file model.cif (mmCIF, C-alpha atoms)
data_protein
loop_
_atom_site.label_atom_id
_atom_site.label_comp_id
_atom_site.auth_asym_id
_atom_site.auth_seq_id
_atom_site.Cartn_x
_atom_site.Cartn_y
_atom_site.Cartn_z
CA MET A 1 -36.96 -24.87 -47.94
CA ALA A 2 -36.32 -28.15 -46.13
CA THR A 3 -33.82 -28.05 -43.32
CA THR A 4 -31.66 -30.80 -41.93
CA PRO A 5 -32.83 -31.84 -38.46
CA THR A 6 -30.25 -32.27 -35.72
CA PRO A 7 -30.58 -34.90 -33.01
CA ALA A 8 -29.72 -32.55 -30.15
CA PRO A 9 -28.87 -28.88 -29.54
CA ASP A 10 -25.35 -27.90 -30.55
CA ALA A 11 -24.55 -26.77 -27.04
CA VAL A 12 -24.97 -30.37 -25.87
CA ALA A 13 -22.23 -31.43 -28.24
CA PRO A 14 -19.12 -31.03 -26.10
CA PHE A 15 -18.68 -34.72 -25.33
CA PRO A 16 -16.93 -36.00 -28.46
CA SER A 17 -15.02 -39.21 -28.93
CA ALA A 18 -11.89 -37.15 -29.65
CA ILE A 19 -9.45 -36.31 -26.86
CA PHE A 20 -8.24 -32.73 -26.78
CA ASP A 21 -5.40 -30.99 -24.98
CA VAL A 22 -6.21 -28.98 -21.87
CA SER A 23 -4.90 -25.41 -21.86
CA PRO A 24 -1.77 -24.61 -19.85
CA VAL A 25 -2.49 -22.63 -16.71
CA PRO A 26 -1.73 -18.94 -17.38
CA PRO A 27 -0.27 -16.48 -14.85
CA ASN A 28 -2.55 -15.32 -12.04
CA PRO A 29 -4.98 -12.88 -13.72
CA LEU A 30 -5.45 -10.96 -10.44
CA GLY A 31 -1.73 -10.44 -9.95
CA GLU A 32 1.02 -12.38 -8.21
CA GLY A 33 0.11 -13.38 -4.66
CA LYS A 34 -3.55 -12.38 -4.94
CA CYS A 35 -6.48 -14.76 -4.69
CA ILE A 36 -10.21 -14.72 -5.27
CA ARG A 37 -12.14 -13.45 -2.26
CA THR A 38 -15.54 -12.47 -3.65
CA ALA A 39 -17.74 -13.72 -6.47
CA ALA A 40 -20.98 -13.05 -8.34
CA ALA A 41 -23.13 -15.00 -10.77
CA LEU A 42 -25.00 -13.53 -13.72
CA ILE A 43 -27.67 -15.94 -15.00
CA ILE A 44 -28.84 -14.93 -18.46
CA GLY A 45 -32.06 -16.13 -20.07
CA ASP A 46 -35.70 -15.29 -20.66
CA GLU A 47 -36.50 -18.95 -20.00
CA ILE A 48 -35.35 -18.56 -16.39
CA LEU A 49 -37.42 -15.43 -15.83
CA ASN A 50 -40.60 -16.84 -17.37
CA GLY A 51 -40.41 -20.09 -15.41
CA LYS A 52 -39.81 -22.41 -18.36
CA THR A 53 -36.41 -23.52 -17.03
CA LEU A 54 -35.34 -24.12 -13.45
CA ASP A 55 -32.02 -22.47 -12.64
CA ARG A 56 -29.75 -25.12 -11.12
CA ASN A 57 -26.49 -23.44 -12.04
CA SER A 58 -26.52 -20.70 -9.42
CA ASN A 59 -27.07 -23.28 -6.68
CA TYR A 60 -24.15 -25.37 -7.93
CA PHE A 61 -21.99 -22.26 -8.14
CA ALA A 62 -22.93 -21.27 -4.59
CA LYS A 63 -21.81 -24.68 -3.30
CA TYR A 64 -18.63 -24.44 -5.40
CA CYS A 65 -17.78 -21.05 -3.91
CA PHE A 66 -18.40 -22.20 -0.34
CA GLU A 67 -16.29 -25.34 -0.76
CA ASN A 68 -13.41 -23.31 -2.19
CA GLY A 69 -13.45 -20.49 0.34
CA ILE A 70 -14.96 -17.84 -1.94
CA ASP A 71 -17.54 -15.42 -0.56
CA LEU A 72 -20.42 -15.41 -3.06
CA LYS A 73 -21.94 -11.95 -2.77
CA ARG A 74 -24.46 -11.69 -5.59
CA ILE A 75 -26.66 -13.78 -7.88
CA GLU A 76 -28.55 -11.90 -10.59
CA VAL A 77 -30.94 -13.21 -13.25
CA ILE A 78 -31.44 -11.04 -16.31
CA ALA A 79 -33.18 -11.27 -19.68
CA ASP A 80 -31.61 -11.93 -23.07
CA GLU A 81 -31.18 -8.20 -23.64
CA GLU A 82 -27.94 -6.59 -24.74
CA ASP A 83 -28.19 -3.49 -22.57
CA GLU A 84 -28.83 -5.55 -19.43
CA ILE A 85 -25.88 -7.85 -20.10
CA ILE A 86 -23.57 -4.91 -20.76
CA GLU A 87 -24.59 -3.01 -17.63
CA ALA A 88 -24.55 -6.00 -15.28
CA SER A 89 -21.26 -7.46 -16.52
CA ARG A 90 -19.40 -4.16 -16.22
CA ARG A 91 -20.77 -3.51 -12.74
CA LEU A 92 -20.05 -6.98 -11.37
CA VAL A 93 -16.51 -7.11 -12.79
CA GLN A 94 -15.71 -3.78 -11.16
CA LYS A 95 -16.95 -4.98 -7.77
CA PHE A 96 -16.00 -8.67 -7.45
CA ASP A 97 -12.94 -10.87 -8.00
CA PHE A 98 -14.66 -13.70 -9.86
CA VAL A 99 -17.80 -13.40 -12.00
CA ILE A 100 -19.52 -16.06 -14.05
CA THR A 101 -22.22 -15.85 -16.67
CA SER A 102 -24.46 -18.77 -17.57
CA GLY A 103 -26.54 -19.02 -20.73
CA GLY A 104 -26.87 -17.43 -24.14
CA ILE A 105 -23.84 -18.82 -25.98
CA GLY A 106 -25.47 -21.14 -28.53
CA PRO A 107 -26.05 -20.74 -32.29
CA THR A 108 -29.51 -19.13 -32.32
CA HIS A 109 -30.71 -15.53 -32.60
CA ASP A 110 -31.27 -15.11 -28.85
CA ASP A 111 -27.77 -16.29 -27.93
CA ILE A 112 -26.28 -12.83 -27.55
CA THR A 113 -23.98 -13.19 -24.54
CA TYR A 114 -20.63 -13.11 -26.38
CA GLY A 115 -21.67 -10.18 -28.57
CA SER A 116 -22.96 -8.21 -25.60
CA LEU A 117 -19.81 -8.88 -23.56
CA ALA A 118 -17.65 -7.81 -26.49
CA LYS A 119 -19.46 -4.47 -26.50
CA ALA A 120 -19.29 -4.22 -22.71
CA PHE A 121 -15.49 -4.42 -22.79
CA HIS A 122 -14.93 -2.60 -26.09
CA GLN A 123 -13.68 -5.50 -28.18
CA PRO A 124 -14.61 -6.85 -31.62
CA LEU A 125 -15.87 -10.39 -32.05
CA VAL A 126 -13.50 -12.76 -33.87
CA HIS A 127 -13.57 -16.46 -34.66
CA ASN A 128 -11.19 -18.54 -32.57
CA ALA A 129 -9.24 -20.86 -34.86
CA GLU A 130 -8.61 -23.53 -32.23
CA VAL A 131 -12.29 -23.75 -31.30
CA LEU A 132 -13.20 -24.09 -34.98
CA ARG A 133 -10.63 -26.88 -35.31
CA ARG A 134 -11.98 -28.75 -32.29
CA MET A 135 -15.53 -28.20 -33.47
CA ALA A 136 -14.62 -29.74 -36.85
CA GLU A 137 -12.89 -32.67 -35.13
CA PHE A 138 -16.01 -33.33 -33.12
CA GLY A 139 -18.15 -33.02 -36.24
CA ARG A 140 -16.37 -35.88 -37.99
CA SER A 141 -18.14 -38.35 -35.72
CA ARG A 142 -21.57 -36.77 -36.26
CA SER A 143 -23.21 -37.52 -39.63
CA TRP A 144 -25.69 -34.66 -39.32
CA VAL A 145 -22.86 -32.10 -39.33
CA ALA A 146 -21.88 -33.03 -42.90
CA GLN A 147 -25.48 -32.60 -44.00
CA GLN A 148 -25.83 -29.04 -42.77
CA THR A 149 -26.37 -26.16 -45.18
CA GLU A 150 -23.95 -23.25 -45.38
CA GLU A 151 -26.36 -21.14 -43.36
CA GLN A 152 -26.57 -23.81 -40.67
CA ARG A 153 -22.77 -24.13 -40.53
CA GLU A 154 -22.44 -20.38 -40.11
CA ALA A 155 -24.93 -20.50 -37.23
CA ARG A 156 -22.97 -23.30 -35.59
CA GLU A 157 -19.69 -21.46 -35.97
CA ARG A 158 -21.16 -18.51 -34.08
CA MET A 159 -20.23 -20.53 -30.99
CA ALA A 160 -16.57 -19.84 -31.83
CA LEU A 161 -17.04 -16.04 -32.01
CA PHE A 162 -15.46 -14.48 -28.91
CA PRO A 163 -14.30 -11.03 -27.81
CA GLU A 164 -10.90 -10.59 -29.45
CA HIS A 165 -8.78 -10.18 -26.31
CA ALA A 166 -10.49 -12.78 -24.15
CA GLU A 167 -8.64 -15.78 -22.73
CA VAL A 168 -9.84 -19.06 -24.23
CA LEU A 169 -9.39 -21.84 -21.68
CA PHE A 170 -9.91 -25.48 -22.61
CA VAL A 171 -10.65 -27.14 -19.28
CA GLY A 172 -11.39 -30.76 -20.21
CA LYS A 173 -9.95 -33.36 -22.55
CA ASP A 174 -13.42 -34.40 -23.71
CA ILE A 175 -14.89 -30.87 -24.08
CA TRP A 176 -14.42 -28.78 -27.20
CA VAL A 177 -16.30 -25.80 -25.75
CA PRO A 178 -13.90 -23.49 -23.84
CA VAL A 179 -14.37 -21.27 -20.84
CA VAL A 180 -13.91 -17.73 -22.12
CA ARG A 181 -12.46 -15.29 -19.55
CA LEU A 182 -12.60 -11.50 -19.83
CA GLU A 183 -10.80 -8.89 -17.74
CA GLY A 184 -9.12 -11.72 -15.83
CA LYS A 185 -12.35 -12.13 -13.86
CA LEU A 186 -15.46 -12.86 -15.92
CA CYS A 187 -15.88 -16.45 -17.07
CA VAL A 188 -18.54 -17.38 -19.62
CA PHE A 189 -20.38 -20.70 -19.24
CA PRO A 190 -23.18 -22.47 -21.10
CA GLY A 191 -26.58 -22.77 -19.47
CA ILE A 192 -26.99 -26.56 -19.72
CA PRO A 193 -26.54 -27.74 -16.10
CA GLY A 194 -24.52 -30.90 -16.80
CA LEU A 195 -22.10 -29.02 -19.03
CA PHE A 196 -21.97 -26.00 -16.74
CA GLN A 197 -21.01 -28.20 -13.79
CA LYS A 198 -18.39 -30.15 -15.73
CA MET A 199 -16.74 -27.00 -17.05
CA LEU A 200 -16.85 -25.19 -13.70
CA ASP A 201 -15.16 -28.15 -12.02
CA GLY A 202 -12.59 -28.24 -14.82
CA LEU A 203 -11.83 -24.54 -14.36
CA LYS A 204 -10.59 -25.02 -10.80
CA PRO A 205 -6.84 -25.33 -11.65
CA PHE A 206 -7.07 -22.03 -13.57
CA LEU A 207 -8.36 -20.04 -10.59
CA PRO A 208 -6.27 -18.35 -7.88
CA LEU A 209 -8.26 -19.85 -5.02
CA PRO A 210 -7.81 -19.00 -1.34
CA PRO A 211 -5.47 -21.37 0.55
CA PRO A 212 -7.16 -24.36 2.25
CA SER A 213 -6.53 -22.85 5.67
CA GLU A 214 -8.89 -19.99 4.83
CA ARG A 215 -11.76 -22.14 3.61
CA PRO A 216 -14.84 -22.27 5.86
CA TYR A 217 -16.01 -25.17 7.97
CA ARG A 218 -19.74 -25.60 8.50
CA LEU A 219 -21.41 -27.47 11.37
CA GLN A 220 -25.16 -27.95 11.66
CA ILE A 221 -27.25 -28.71 14.73
CA PHE A 222 -30.86 -29.87 14.58
CA THR A 223 -33.34 -29.11 17.33
CA THR A 224 -37.07 -29.77 17.62
CA LEU A 225 -37.57 -26.58 19.64
CA PRO A 226 -39.48 -23.81 17.82
CA GLU A 227 -37.46 -20.97 16.33
CA SER A 228 -38.98 -18.38 18.68
CA SER A 229 -37.81 -20.39 21.70
CA ILE A 230 -34.20 -20.55 20.54
CA ALA A 231 -33.99 -16.97 19.24
CA PRO A 232 -32.71 -15.34 22.49
CA PHE A 233 -29.92 -17.89 22.86
CA LEU A 234 -28.86 -17.58 19.20
CA THR A 235 -28.82 -13.80 19.54
CA SER A 236 -26.44 -14.02 22.49
CA ILE A 237 -24.23 -16.54 20.70
CA HIS A 238 -24.11 -14.34 17.61
CA LYS A 239 -23.00 -11.32 19.64
CA ARG A 240 -20.34 -13.40 21.37
CA VAL A 241 -18.69 -14.96 18.33
CA SER A 242 -19.33 -12.58 15.42
CA ASN A 243 -16.01 -10.82 16.07
CA GLU A 244 -14.27 -14.20 16.06
CA GLY A 245 -15.22 -14.91 12.45
CA VAL A 246 -18.05 -17.35 13.20
CA ARG A 247 -21.42 -16.89 11.51
CA VAL A 248 -24.60 -18.18 13.14
CA GLY A 249 -27.79 -18.89 11.20
CA SER A 250 -31.10 -20.65 11.80
CA TYR A 251 -33.23 -22.39 9.17
CA PRO A 252 -36.61 -23.83 10.16
CA LEU A 253 -38.00 -26.98 8.58
CA LEU A 254 -41.79 -26.71 8.62
CA MET A 255 -43.45 -28.81 11.33
CA LYS A 256 -40.17 -30.56 12.18
CA GLY A 257 -37.71 -28.23 13.87
CA VAL A 258 -34.81 -25.90 13.19
CA TYR A 259 -31.31 -26.32 11.75
CA VAL A 260 -28.72 -24.05 13.32
CA SER A 261 -25.68 -23.42 11.13
CA LEU A 262 -22.25 -22.44 12.44
CA ILE A 263 -19.62 -21.38 9.88
CA GLY A 264 -16.02 -20.39 10.54
CA THR A 265 -12.45 -21.04 9.39
CA ASP A 266 -11.35 -22.44 12.77
CA GLU A 267 -12.75 -25.97 12.73
CA ALA A 268 -11.90 -26.70 16.36
CA LYS A 269 -13.64 -23.54 17.54
CA VAL A 270 -16.73 -24.28 15.46
CA LYS A 271 -16.95 -27.83 16.81
CA GLU A 272 -16.58 -26.62 20.39
CA LEU A 273 -19.32 -24.06 19.85
CA GLY A 274 -21.46 -26.74 18.21
CA GLU A 275 -21.36 -28.87 21.35
CA GLU A 276 -22.51 -25.91 23.42
CA VAL A 277 -25.36 -25.11 21.02
CA ALA A 278 -26.52 -28.73 20.83
CA LYS A 279 -26.63 -29.00 24.62
CA GLU A 280 -28.42 -25.70 25.16
CA LEU A 281 -31.02 -26.36 22.44
CA GLN A 282 -31.58 -30.03 23.31
CA GLY A 283 -30.46 -30.88 19.81
CA LYS A 284 -27.80 -32.89 18.00
CA VAL A 285 -25.04 -32.32 15.48
CA VAL A 286 -26.04 -33.62 12.04
CA THR A 287 -24.11 -34.34 8.86
CA GLU A 288 -24.56 -32.51 5.55
CA GLU A 289 -26.00 -35.72 4.12
CA GLU A 290 -28.60 -35.93 6.90
CA VAL A 291 -29.61 -32.34 6.22
CA ARG A 292 -30.03 -32.99 2.49
CA GLU A 293 -32.14 -36.09 3.15
CA ALA A 294 -34.37 -34.22 5.59
CA LYS A 295 -34.89 -31.36 3.17
CA GLY A 296 -35.29 -33.62 0.16
CA THR A 297 -32.54 -31.89 -1.79
#
call {"tool": "encode", "arguments": {"input": "model.cif", "output": "structure tokens"}}
result
Amino acid sequence: MATTPTPAPDAVAPFPSAIFDVSPVPPNPLGEGKCIRTAAALIIGDEILNGKTLDRNSNYFAKYCFENGIDLKRIEVIADEEDEIIEASRRLVQKFDFVITSGGIGPTHDDITYGSLAKAFHQPLVHNAEVLRRMAEFGRSRSWVAQQTEEQREARERMALFPEHAEVLFVGKDIWVPVVRLEGKLCVFPGIPGLFQKMLDGLKPFLPLPPPSERPYRLQIFTTLPESSIAPFLTSIHKRVSNEGVRVGSYPLLMKGVYVSLIGTDEAKVKELGEEVAKELQGKVVTEEEVREAKGT
């Protein structure tokens, strides 16, 4: 039987010409006065594990957490297997304040994330009427949608099947795909990097983030001295400031030198320490942009 080709995967379709309403911000899911302290990422997909697809989402999430004062504790990559999704999602939700999943929410047979999460948290799957409405609104501007068979439409509408008691958060006026949140902690994202990033950024107003005063400040110093030569000094610095909430790390760049990283919530203290480190290691303070250029990232 002939099938109707589509110009792009359905999961790429959340950039319609229609403008949608953004969801109102609900009450703090962690409880009044509480904020997110710890986080974990669950990356779902055989294509990540077999090397077909490069995972960019966990790196973006790590930067997002750092910039917003969240301590990212765990990144796990698992296969498209129901038992693995159930076990990992339950465990991470019990342990951390904010958990994301990425991948496995499209219309095909291996997109099992929503179904697995529904089982993990003992809920049936139900179609969300508002998502179906927005999906239909988007479809009016796409001729291929009208040409789909009943079977193809049913497959597409699988993307509106969510655990019954989940929150459905619409985070962008030009995105019909929602962020689905379970247990007040676990947020479900698509795997496509551009969409993942857009939706994660849009979710920010819906999260009980730490206050700006508690967000970390990072300073980096570059030195051409070998790592073995600077190790004793860094060890002494670490012992001196670890109880003051400053973390010290060293990251060599092959055949070039070493980047020393200082992270703390007291910007003045970190800058003062940075001057001491730069002087002792015959190095210089560098910007984040300079570091990215040097590393080619």
call {"tool": "residues_around", "arguments": {"input": "model.cif", "residues": "A:Val291", "least_positions_apart": "6", "cutoff": "10 Å", "atoms": "only C-alpha atoms", "output": "list in words"}}
result
Gln220, Ile221, Phe222, Tyr259 and Thr297 of chain A
call {"tool": "closest_residue", "arguments": {"input": "model.cif", "among": "A:His165, A:Val93, A:Gly194, A:Asp110", "to": "A:His127", "atoms": "all atoms listed in the file"}}
result
A:His165
call {"tool": "atom_distance", "arguments": {"input": "model.cif", "atom1": "atom CA of A:Leu125", "atom2": "atom CA of A:Ile85"}}
result
15.8 Å
call {"tool": "closest_residue", "arguments": {"input": "model.cif", "among": "A:Glu150, A:Pro232, A:Leu30, A:Pro252", "to": "A:Lys295", "atoms": "all atoms listed in the file"}}
result
A:Pro252
call {"tool": "atom_distance", "arguments": {"input": "model.cif", "atom1": "atom CA of A:Gly283", "atom2": "atom CA of A:Leu253"}}
result
14.1 Å
call {"tool": "atom_distance", "arguments": {"input": "model.cif", "atom1": "atom CA of A:Lys185", "atom2": "atom CA of A:Gln94"}}
result
9.4 Å
call {"tool": "closest_atom_pairs", "arguments": {"input": "model.cif", "of": "stretch 34-94 of chain A", "to": "stretch 206-212 of chain A", "cutoff": "10 Å", "atoms": "all atoms listed in the file", "output": "CSV"}}
result
residue,atom,partner,partner_atom,distance
A:Lys34,CA,A:Pro208,CA,7.2
A:Cys35,CA,A:Pro208,CA,4.8
A:Ile36,CA,A:Leu209,CA,5.5
A:Arg37,CA,A:Pro210,CA,7.1
A:Cys65,CA,A:Leu209,CA,9.7
A:Glu67,CA,A:Pro212,CA,9.7
A:Asn68,CA,A:Leu209,CA,6.8
A:Gly69,CA,A:Pro210,CA,6.1
A:Ile70,CA,A:Pro210,CA,7.3
call {"tool": "residues_around", "arguments": {"input": "model.cif", "residues": "A:Val286", "least_positions_apart": "5", "cutoff": "12 Å", "atoms": "all atoms listed in the file", "output": "mmCIF file with C-alpha atoms, in the frame of the given file"}}
result
data_model
loop_
_atom_site.group_PDB
_atom_site.id
_atom_site.type_symbol
_atom_site.label_atom_id
_atom_site.label_comp_id
_atom_site.auth_asym_id
_atom_site.auth_seq_id
_atom_site.Cartn_x
_atom_site.Cartn_y
_atom_site.Cartn_z
ATOM 1 C CA ARG A 218 -19.740 -25.600 8.500
ATOM 2 C CA LEU A 219 -21.410 -27.470 11.370
ATOM 3 C CA GLN A 220 -25.160 -27.950 11.660
ATOM 4 C CA ILE A 221 -27.250 -28.710 14.730
ATOM 5 C CA PHE A 222 -30.860 -29.870 14.580
ATOM 6 C CA THR A 223 -33.340 -29.110 17.330
ATOM 7 C CA VAL A 258 -34.810 -25.900 13.190
ATOM 8 C CA TYR A 259 -31.310 -26.320 11.750
ATOM 9 C CA VAL A 260 -28.720 -24.050 13.320
ATOM 10 C CA SER A 261 -25.680 -23.420 11.130
ATOM 11 C CA LEU A 262 -22.250 -22.440 12.440
ATOM 12 C CA LYS A 271 -16.950 -27.830 16.810
ATOM 13 C CA GLY A 274 -21.460 -26.740 18.210
ATOM 14 C CA GLU A 275 -21.360 -28.870 21.350
ATOM 15 C CA ALA A 278 -26.520 -28.730 20.830
ATOM 16 C CA VAL A 291 -29.610 -32.340 6.220
ATOM 17 C CA ARG A 292 -30.030 -32.990 2.490
ATOM 18 C CA GLU A 293 -32.140 -36.090 3.150
ATOM 19 C CA ALA A 294 -34.370 -34.220 5.590
#
call {"tool": "closest_residue", "arguments": {"input": "model.cif", "among": "A:Lys119, A:Ile263, A:Leu225, A:Ser236", "to": "A:Lys284", "atoms": "all atoms listed in the file"}}
result
A:Leu225
call {"tool": "resolve_selection", "arguments": {"input": "model.cif", "expression": "the PyMOL selection byres ((chain A and resi 111) around 12)", "output": "ChimeraX atom specification"}}
result
/A:11,44-46,79-82,85,102-110,112-117,155-156,158-159,161,190-191
call {"tool": "residues_around", "arguments": {"input": "model.cif", "residues": "A:Ser58", "least_positions_apart": "6", "cutoff": "8 Å", "atoms": "all atoms listed in the file", "output": "PyMOL selection string"}}
result
chain A and resi 41+43+75
call {"tool": "closest_residue", "arguments": {"input": "model.cif", "among": "A:Pro226, A:Val77, A:Ala62, A:Pro163", "to": "A:Glu47", "atoms": "only C-alpha atoms"}}
result
A:Val77
call {"tool": "build_atoms", "arguments": {"input": "model.cif", "residues": "stretch 258-271 of chain A", "atoms": "N, CA, C and O atoms", "output": "CSV table (one decimal), keeping the file's coordinate frame"}}
result
chain,number,residue,atom,x,y,z
A,258,VAL,N,-35.7,-27.0,13.7
A,258,VAL,CA,-34.8,-25.9,13.2
A,258,VAL,C,-33.4,-26.4,13.0
A,258,VAL,O,-32.9,-27.2,13.9
A,259,TYR,N,-32.7,-26.1,11.9
A,259,TYR,CA,-31.3,-26.3,11.8
A,259,TYR,C,-30.5,-25.0,12.1
A,259,TYR,O,-30.8,-24.0,11.5
A,260,VAL,N,-29.6,-25.2,13.0
A,260,VAL,CA,-28.7,-24.0,13.3
A,260,VAL,C,-27.4,-24.3,12.6
A,260,VAL,O,-26.8,-25.4,12.7
A,261,SER,N,-26.9,-23.3,11.9
A,261,SER,CA,-25.7,-23.4,11.1
A,261,SER,C,-24.6,-22.6,11.7
A,261,SER,O,-24.8,-21.4,12.1
A,262,LEU,N,-23.4,-23.1,11.9
A,262,LEU,CA,-22.2,-22.4,12.4
A,262,LEU,C,-21.2,-22.5,11.4
A,262,LEU,O,-20.8,-23.6,10.9
A,263,ILE,N,-20.6,-21.4,10.9
A,263,ILE,CA,-19.6,-21.4,9.9
A,263,ILE,C,-18.4,-20.5,10.3
A,263,ILE,O,-18.6,-19.4,10.8
A,264,GLY,N,-17.2,-21.1,10.2
A,264,GLY,CA,-16.0,-20.4,10.5
A,264,GLY,C,-14.8,-21.1,10.0
A,264,GLY,O,-14.9,-22.2,9.5
A,265,THR,N,-13.7,-20.4,10.0
A,265,THR,CA,-12.4,-21.0,9.4
A,265,THR,C,-11.7,-21.9,10.4
A,265,THR,O,-10.9,-22.7,10.1
A,266,ASP,N,-12.0,-21.7,11.7
A,266,ASP,CA,-11.4,-22.4,12.8
A,266,ASP,C,-12.2,-23.6,13.1
A,266,ASP,O,-13.2,-23.5,13.9
A,267,GLU,N,-11.9,-24.8,12.6
A,267,GLU,CA,-12.8,-26.0,12.7
A,267,GLU,C,-12.9,-26.4,14.2
A,267,GLU,O,-14.0,-26.7,14.6
A,268,ALA,N,-11.8,-26.3,14.9
A,268,ALA,CA,-11.9,-26.7,16.4
A,268,ALA,C,-12.9,-25.8,17.1
A,268,ALA,O,-13.6,-26.3,18.0
A,269,LYS,N,-12.8,-24.5,16.9
A,269,LYS,CA,-13.6,-23.5,17.5
A,269,LYS,C,-15.1,-23.8,17.2
A,269,LYS,O,-16.0,-23.7,18.0
A,270,VAL,N,-15.4,-24.0,15.9
A,270,VAL,CA,-16.7,-24.3,15.5
A,270,VAL,C,-17.3,-25.5,16.1
A,270,VAL,O,-18.4,-25.6,16.6
A,271,LYS,N,-16.5,-26.6,16.2
A,271,LYS,CA,-17.0,-27.8,16.8
A,271,LYS,C,-17.2,-27.6,18.3
A,271,LYS,O,-18.2,-28.2,18.8
